[in-house]
>>> print(open('run-v2.pdb').read())   # PDB, C-alpha atoms
ATOM      1  CA  MET A   1      14.926  -5.681   2.248
ATOM      2  CA  ALA A   2      13.513  -8.975   3.550
ATOM      3  CA  GLU A   3      10.738  -9.027   0.954
ATOM      4  CA  ARG A   4      13.172  -8.236  -1.834
ATOM      5  CA  LEU A   5      15.550 -11.024  -0.816
ATOM      6  CA  LEU A   6      12.719 -13.526  -0.392
ATOM      7  CA  LEU A   7      11.240 -12.781  -3.811
ATOM      8  CA  GLU A   8      14.630 -12.935  -5.481
ATOM      9  CA  ALA A   9      15.312 -16.304  -3.836
ATOM     10  CA  MET A  10      11.924 -17.613  -4.971
ATOM     11  CA  ALA A  11      12.651 -16.429  -8.499
ATOM     12  CA  ALA A  12      16.036 -18.192  -8.451
ATOM     13  CA  VAL A  13      14.468 -21.453  -7.248
ATOM     14  CA  GLU A  14      11.823 -21.286  -9.979
ATOM     15  CA  GLY A  15      14.314 -20.285 -12.676
ATOM     16  CA  ARG A  16      12.579 -16.918 -13.124
ATOM     17  CA  LEU A  17      15.421 -14.533 -12.272
ATOM     18  CA  THR A  18      15.069 -12.769 -15.615
ATOM     19  CA  ARG A  19      11.402 -12.039 -14.889
ATOM     20  CA  TRP A  20      12.261 -10.884 -11.344
ATOM     21  CA  ARG A  21      14.955  -8.557 -12.666
ATOM     22  CA  SER A  22      12.474  -7.176 -15.180
ATOM     23  CA  GLU A  23      10.004  -6.428 -12.350
ATOM     24  CA  PHE A  24      12.790  -4.819 -10.351
ATOM     25  CA  ASP A  25      13.911  -2.711 -13.319
ATOM     26  CA  GLU A  26      10.327  -1.559 -13.774
ATOM     27  CA  LEU A  27      10.278  -0.354 -10.151
ATOM     28  CA  ARG A  28      13.281   1.816 -10.899
ATOM     29  CA  GLU A  29      11.807   3.125 -14.157
ATOM     30  CA  ARG A  30       8.580   4.102 -12.354
ATOM     31  CA  ASN A  31      10.557   5.826  -9.545
ATOM     32  CA  ALA A  32       9.217   3.262  -7.077
ATOM     33  CA  PHE A  33      12.754   2.351  -6.013
ATOM     34  CA  ALA A  34      15.042   5.046  -4.599
ATOM     35  CA  PRO A  35      18.640   4.629  -3.376
ATOM     36  CA  THR A  36      17.061   3.503  -0.088
ATOM     37  CA  GLY A  37      14.734   1.069  -1.848
ATOM     38  CA  VAL A  38      10.960   1.043  -2.131
ATOM     39  CA  GLN A  39      10.757   2.461   1.379
ATOM     40  CA  GLY A  40      12.760   5.445   0.190
ATOM     41  CA  ALA A  41      10.303   6.046  -2.651
ATOM     42  CA  TYR A  42       7.408   5.887  -0.193
ATOM     43  CA  SER A  43       9.166   8.290   2.189
ATOM     44  CA  HIS A  44       8.215  11.099  -0.200
ATOM     45  CA  VAL A  45       4.559  10.068  -0.087
ATOM     46  CA  LEU A  46       3.622   8.838   3.413
ATOM     47  CA  PRO A  47       4.610   9.581   7.018
ATOM     48  CA  VAL A  48       7.533   7.545   8.304
ATOM     49  CA  GLU A  49       5.276   5.469  10.600
ATOM     50  CA  ALA A  50       3.351   4.103   7.604
ATOM     51  CA  LEU A  51       6.310   3.101   5.440
ATOM     52  CA  ARG A  52       6.796  -0.532   6.496
ATOM     53  CA  ASP A  53       3.362  -1.822   5.500
ATOM     54  CA  ALA A  54       3.184   0.384   2.420
ATOM     55  CA  THR A  55       6.550  -0.930   1.227
ATOM     56  CA  ALA A  56       5.380  -4.511   1.638
ATOM     57  CA  SER A  57       2.416  -3.751  -0.650
ATOM     58  CA  VAL A  58       4.746  -3.042  -3.602
ATOM     59  CA  TYR A  59       6.421  -6.416  -3.179
ATOM     60  CA  ALA A  60       2.999  -8.048  -2.734
ATOM     61  CA  ASP A  61       2.043  -6.540  -6.095
ATOM     62  CA  ILE A  62       5.068  -8.208  -7.700
ATOM     63  CA  ALA A  63       4.302 -11.511  -5.956
ATOM     64  CA  HIS A  64       0.733 -11.288  -7.299
ATOM     65  CA  ARG A  65       1.958 -10.737 -10.872
ATOM     66  CA  LEU A  66       4.340 -13.698 -10.525
ATOM     67  CA  GLY A  67       1.553 -15.933  -9.191
ATOM     68  CA  TRP A  68       3.037 -16.342  -5.701
ATOM     69  CA  LEU A  69       0.571 -14.332  -3.626
ATOM     70  CA  GLU A  70      -2.278 -16.181  -1.922
ATOM     71  CA  LEU A  71      -5.158 -13.756  -1.517
ATOM     72  CA  ASP A  72      -7.645 -13.943   1.342
ATOM     73  CA  ARG A  73     -10.412 -12.794  -0.987
ATOM     74  CA  THR A  74     -10.571 -12.094  -4.703
ATOM     75  CA  LEU A  75     -12.798  -9.473  -6.221
ATOM     76  CA  SER A  76     -14.890 -10.217  -9.267
ATOM     77  CA  GLU A  77     -14.079  -8.253 -12.406
ATOM     78  CA  ALA A  78     -17.178  -6.095 -11.799
ATOM     79  CA  GLU A  79     -16.237  -5.391  -8.161
ATOM     80  CA  PHE A  80     -12.692  -4.503  -9.161
ATOM     81  CA  GLU A  81     -13.869  -2.221 -11.963
ATOM     82  CA  GLN A  82     -16.272  -0.447  -9.595
ATOM     83  CA  LEU A  83     -13.551   0.006  -6.974
ATOM     84  CA  SER A  84     -10.983   1.218  -9.511
ATOM     85  CA  THR A  85     -13.316   3.612 -11.303
ATOM     86  CA  GLY A  86     -14.668   5.550  -8.343
ATOM     87  CA  ILE A  87     -11.710   5.628  -5.980
ATOM     88  CA  GLY A  88     -10.427   9.081  -6.978
ATOM     89  CA  ASP A  89     -13.718  10.717  -6.005
ATOM     90  CA  TRP A  90     -14.201   8.518  -2.935
ATOM     91  CA  VAL A  91     -10.951   9.742  -1.352
ATOM     92  CA  SER A  92     -11.911  13.392  -1.717
ATOM     93  CA  GLN A  93     -13.206  13.047   1.860
ATOM     94  CA  ASP A  94     -11.409  11.694   4.913
ATOM     95  CA  ARG A  95     -12.150   8.002   5.464
ATOM     96  CA  THR A  96     -11.472   5.473   8.215
ATOM     97  CA  LEU A  97     -10.566   1.794   8.283
ATOM     98  CA  SER A  98     -14.174   0.830   8.985
ATOM     99  CA  ALA A  99     -15.385   2.985   6.059
ATOM    100  CA  VAL A 100     -12.971   1.205   3.695
ATOM    101  CA  ILE A 101     -14.205  -2.215   4.807
ATOM    102  CA  GLU A 102     -17.885  -1.177   4.795
ATOM    103  CA  THR A 103     -17.551   0.199   1.271
ATOM    104  CA  PHE A 104     -15.304  -2.391  -0.378
ATOM    105  CA  GLY A 105     -15.636  -5.437   1.876
ATOM    106  CA  PRO A 106     -12.832  -7.429   3.464
ATOM    107  CA  PRO A 107      -9.508  -6.883   1.691
ATOM    108  CA  SER A 108      -7.778  -9.379  -0.517
ATOM    109  CA  LEU A 109      -4.657  -8.842   1.589
ATOM    110  CA  TRP A 110      -4.265  -7.173   5.000
ATOM    111  CA  ILE A 111      -0.723  -5.944   5.586
ATOM    112  CA  GLY A 112       0.082  -4.984   9.170
ATOM    113  CA  GLY A 113      -1.485  -5.820  12.481
ATOM    114  CA  THR A 114      -5.030  -5.318  13.691
ATOM    115  CA  ASN A 115      -4.107  -2.926  16.519
ATOM    116  CA  THR A 116      -5.924   0.351  15.858
ATOM    117  CA  TYR A 117      -2.927   2.421  17.007
ATOM    118  CA  TYR A 118      -0.724   1.322  14.121
ATOM    119  CA  PRO A 119      -0.678   1.913  10.351
ATOM    120  CA  LYS A 120      -1.721  -0.774   7.922
ATOM    121  CA  THR A 121      -2.297  -1.320   4.228
ATOM    122  CA  LEU A 122      -5.322  -3.063   2.760
ATOM    123  CA  ALA A 123      -5.001  -4.401  -0.771
ATOM    124  CA  TYR A 124      -7.785  -5.414  -3.141
ATOM    125  CA  ALA A 125      -7.275  -7.617  -6.196
ATOM    126  CA  THR A 126      -8.821 -10.001  -8.659
ATOM    127  CA  ALA A 127      -7.447 -13.477  -9.245
ATOM    128  CA  ARG A 128      -5.903 -12.213 -12.493
ATOM    129  CA  PRO A 129      -2.173 -11.475 -12.040
ATOM    130  CA  GLU A 130      -2.191  -8.811 -14.754
ATOM    131  CA  HIS A 131      -4.368  -6.622 -12.514
ATOM    132  CA  ASP A 132      -2.326  -4.562 -10.062
ATOM    133  CA  LEU A 133      -3.360  -4.397  -6.439
ATOM    134  CA  VAL A 134      -5.339  -1.374  -5.293
ATOM    135  CA  CYS A 135      -3.692  -0.441  -1.983
ATOM    136  CA  PHE A 136      -5.292   1.618   0.774
ATOM    137  CA  HIS A 137      -2.667   3.118   3.096
ATOM    138  CA  LEU A 138      -4.028   3.849   6.566
ATOM    139  CA  TRP A 139      -2.315   5.640   9.415
ATOM    140  CA  ASN A 140      -2.597   6.079  13.165
ATOM    141  CA  ALA A 141      -0.110   6.543  15.990
ATOM    142  CA  PHE A 142      -0.051   6.894  19.747
ATOM    143  CA  ALA A 143      -1.265  10.285  20.926
ATOM    144  CA  ASP A 144       1.254  12.379  22.826
ATOM    145  CA  ASN A 145      -1.457  13.965  24.971
ATOM    146  CA  ALA A 146      -2.935  10.763  26.436
ATOM    147  CA  PRO A 147      -3.349  10.735  30.228
ATOM    148  CA  GLU A 148      -0.408   9.109  32.020
ATOM    149  CA  GLY A 149      -0.598   5.338  31.980
ATOM    150  CA  GLN A 150      -3.181   5.263  29.209
ATOM    151  CA  LEU A 151      -2.769   4.572  25.537
ATOM    152  CA  ARG A 152      -4.756   6.514  23.033
ATOM    153  CA  GLY A 153      -4.455   6.890  19.305
ATOM    154  CA  VAL A 154      -4.244  10.143  17.438
ATOM    155  CA  HIS A 155      -7.513   8.900  15.879
ATOM    156  CA  PRO A 156     -10.011   6.382  17.333
ATOM    157  CA  GLU A 157      -9.200   4.110  14.387
ATOM    158  CA  PRO A 158      -6.761   4.256  11.473
ATOM    159  CA  VAL A 159      -7.515   6.914   8.859
ATOM    160  CA  LEU A 160      -6.954   6.611   5.154
ATOM    161  CA  LEU A 161      -4.096   8.712   3.832
ATOM    162  CA  ALA A 162      -3.761   7.552   0.240
ATOM    163  CA  VAL A 163      -4.746   4.912  -2.274
ATOM    164  CA  ARG A 164      -2.204   3.581  -4.756
ATOM    165  CA  HIS A 165      -4.292   2.699  -7.769
ATOM    166  CA  ARG A 166      -2.923   4.259 -10.938
ATOM    167  CA  PRO A 167      -0.411   2.698 -13.322
ATOM    168  CA  GLY A 168       2.629   4.619 -14.439
ATOM    169  CA  ALA A 169       5.082   6.749 -12.497
ATOM    170  CA  PHE A 170       5.031   5.952  -8.791
ATOM    171  CA  PRO A 171       4.608   9.511  -7.482
ATOM    172  CA  GLY A 172       1.517   9.949  -9.669
ATOM    173  CA  SER A 173      -0.068   6.613  -8.811
ATOM    174  CA  PHE A 174      -1.737   7.887  -5.618
ATOM    175  CA  SER A 175      -4.958   9.642  -4.715
ATOM    176  CA  PHE A 176      -4.867  11.380  -1.316
ATOM    177  CA  THR A 177      -7.523  12.117   1.258
ATOM    178  CA  PRO A 178      -7.440  15.564   2.899
ATOM    179  CA  GLU A 179      -5.786  13.909   5.929
ATOM    180  CA  GLY A 180      -3.233  12.338   3.609
ATOM    181  CA  VAL A 181      -2.430  15.681   2.034
ATOM    182  CA  SER A 182      -1.890  17.229   5.476
ATOM    183  CA  ARG A 183       0.388  14.373   6.630
ATOM    184  CA  ARG A 184       2.345  14.091   3.402
ATOM    185  CA  PRO A 185       6.074  14.604   3.990
ATOM    186  CA  ILE A 186       7.753  17.645   2.567
ATOM    187  CA  ASP A 187       9.745  16.565  -0.467
ATOM    188  CA  HIS A 188      13.217  18.029  -0.073
ATOM    189  CA  ARG A 189      14.426  16.731  -3.447
ATOM    190  CA  SER A 190      15.104  19.465  -5.945
TER     191      SER A 190
END
>>> encode(input="run-v2.pdb", output="structure tokens")
Amino acid sequence: MAERLLLEAMAAVEGRLTRWRSEFDELRERNAFAPTGVQGAYSHVLPVEALRDATASVYADIAHRLGWLELDRTLSEAEFEQLSTGIGDWVSQDRTLSAVIETFGPPSLWIGGTNTYYPKTLAYATARPEHDLVCFHLWNAFADNAPEGQLRGVHPEPVLLAVRHRPGAFPGSFSFTPEGVSRRPIDHRS
């Protein structure tokens, strides 16, 4: 909700409310906005622990298209094309945070903290606003079976669950790793 209100306020200040409303309408048309917002749309795709950072990535995508997002790193057109083209095959195996960074380099935008016990989303983009972000959704959590007084993650480092990289309908815009398929919530909508 905070991201939505901030972006709407920025649009009002810049006199771009019509453009903002158009972006927002597109979210609804793509099923990326449920009655409980973007987070609700993601709740059918990712585990509840990963929703916060994933949700922020959708608003970051809008901010990028509107020219408001300052990226930490921009990919060249060739790098972006290479990333976009091969990602479906690349996620056919389980991957970790370090594998994402080793393969694609530092992200354009890191959403979430650096603590290895928590989920995060890494986004890659060019400087061109018409290119959507490619978002890598990673997950980890505290292990229930850790010895008393010790913290341990379910995994030694965050694991990749899904990559949001396709245009079109939100539910079809993801490619999942095997881990992502196993952690995907059961969709009770019918």
>>> resolve_selection(input="run-v2.pdb", expression="the PyMOL selection byres ((chain A and resi 28-33) around 12)", output="PyMOL selection string")
chain A and resi 1+4+21-27+34-45+54-55+57-59+164+166-174
>>> atom_distance(input="run-v2.pdb", atom1="CA of Pro119 in chain A", atom2="CA of Val159 in chain A")
8.6 Å
>>> closest_residue(input="run-v2.pdb", among="A:Ala12, A:Leu17, A:Val154, A:Leu160", to="Ser92 in chain A", atoms="only C-alpha atoms")
A:Leu160
>>> resolve_selection(input="run-v2.pdb", expression="the PyMOL selection byres ((chain A and resi 128-131) around 12)", output="PyMOL selection string")
chain A and resi 60-71+74-77+80-81+84+123-127+132-134+165-167
>>> atom_distance(input="run-v2.pdb", atom1="CA of Trp90 in chain A", atom2="CA of Cys135 in chain A")
13.8 Å
>>> closest_residue(input="run-v2.pdb", among="A:Met10, A:Leu138, A:Ile111, A:Ala2", to="Glu49 in chain A", atoms="all atoms listed in the file")
A:Leu138
>>> atom_distance(input="run-v2.pdb", atom1="CA of Asn115 in chain A", atom2="CA of Glu157 in chain A")
8.9 Å
>>> closest_residue(input="run-v2.pdb", among="A:Val48, A:Ala162, A:Ala78, A:Ala11", to="Thr96 in chain A", atoms="only C-alpha atoms")
A:Ala162
>>> closest_residue(input="run-v2.pdb", among="A:Ala50, A:Ala99, A:Gln82, A:Gly15", to="Arg184 in chain A", atoms="all atoms listed in the file")
A:Ala50
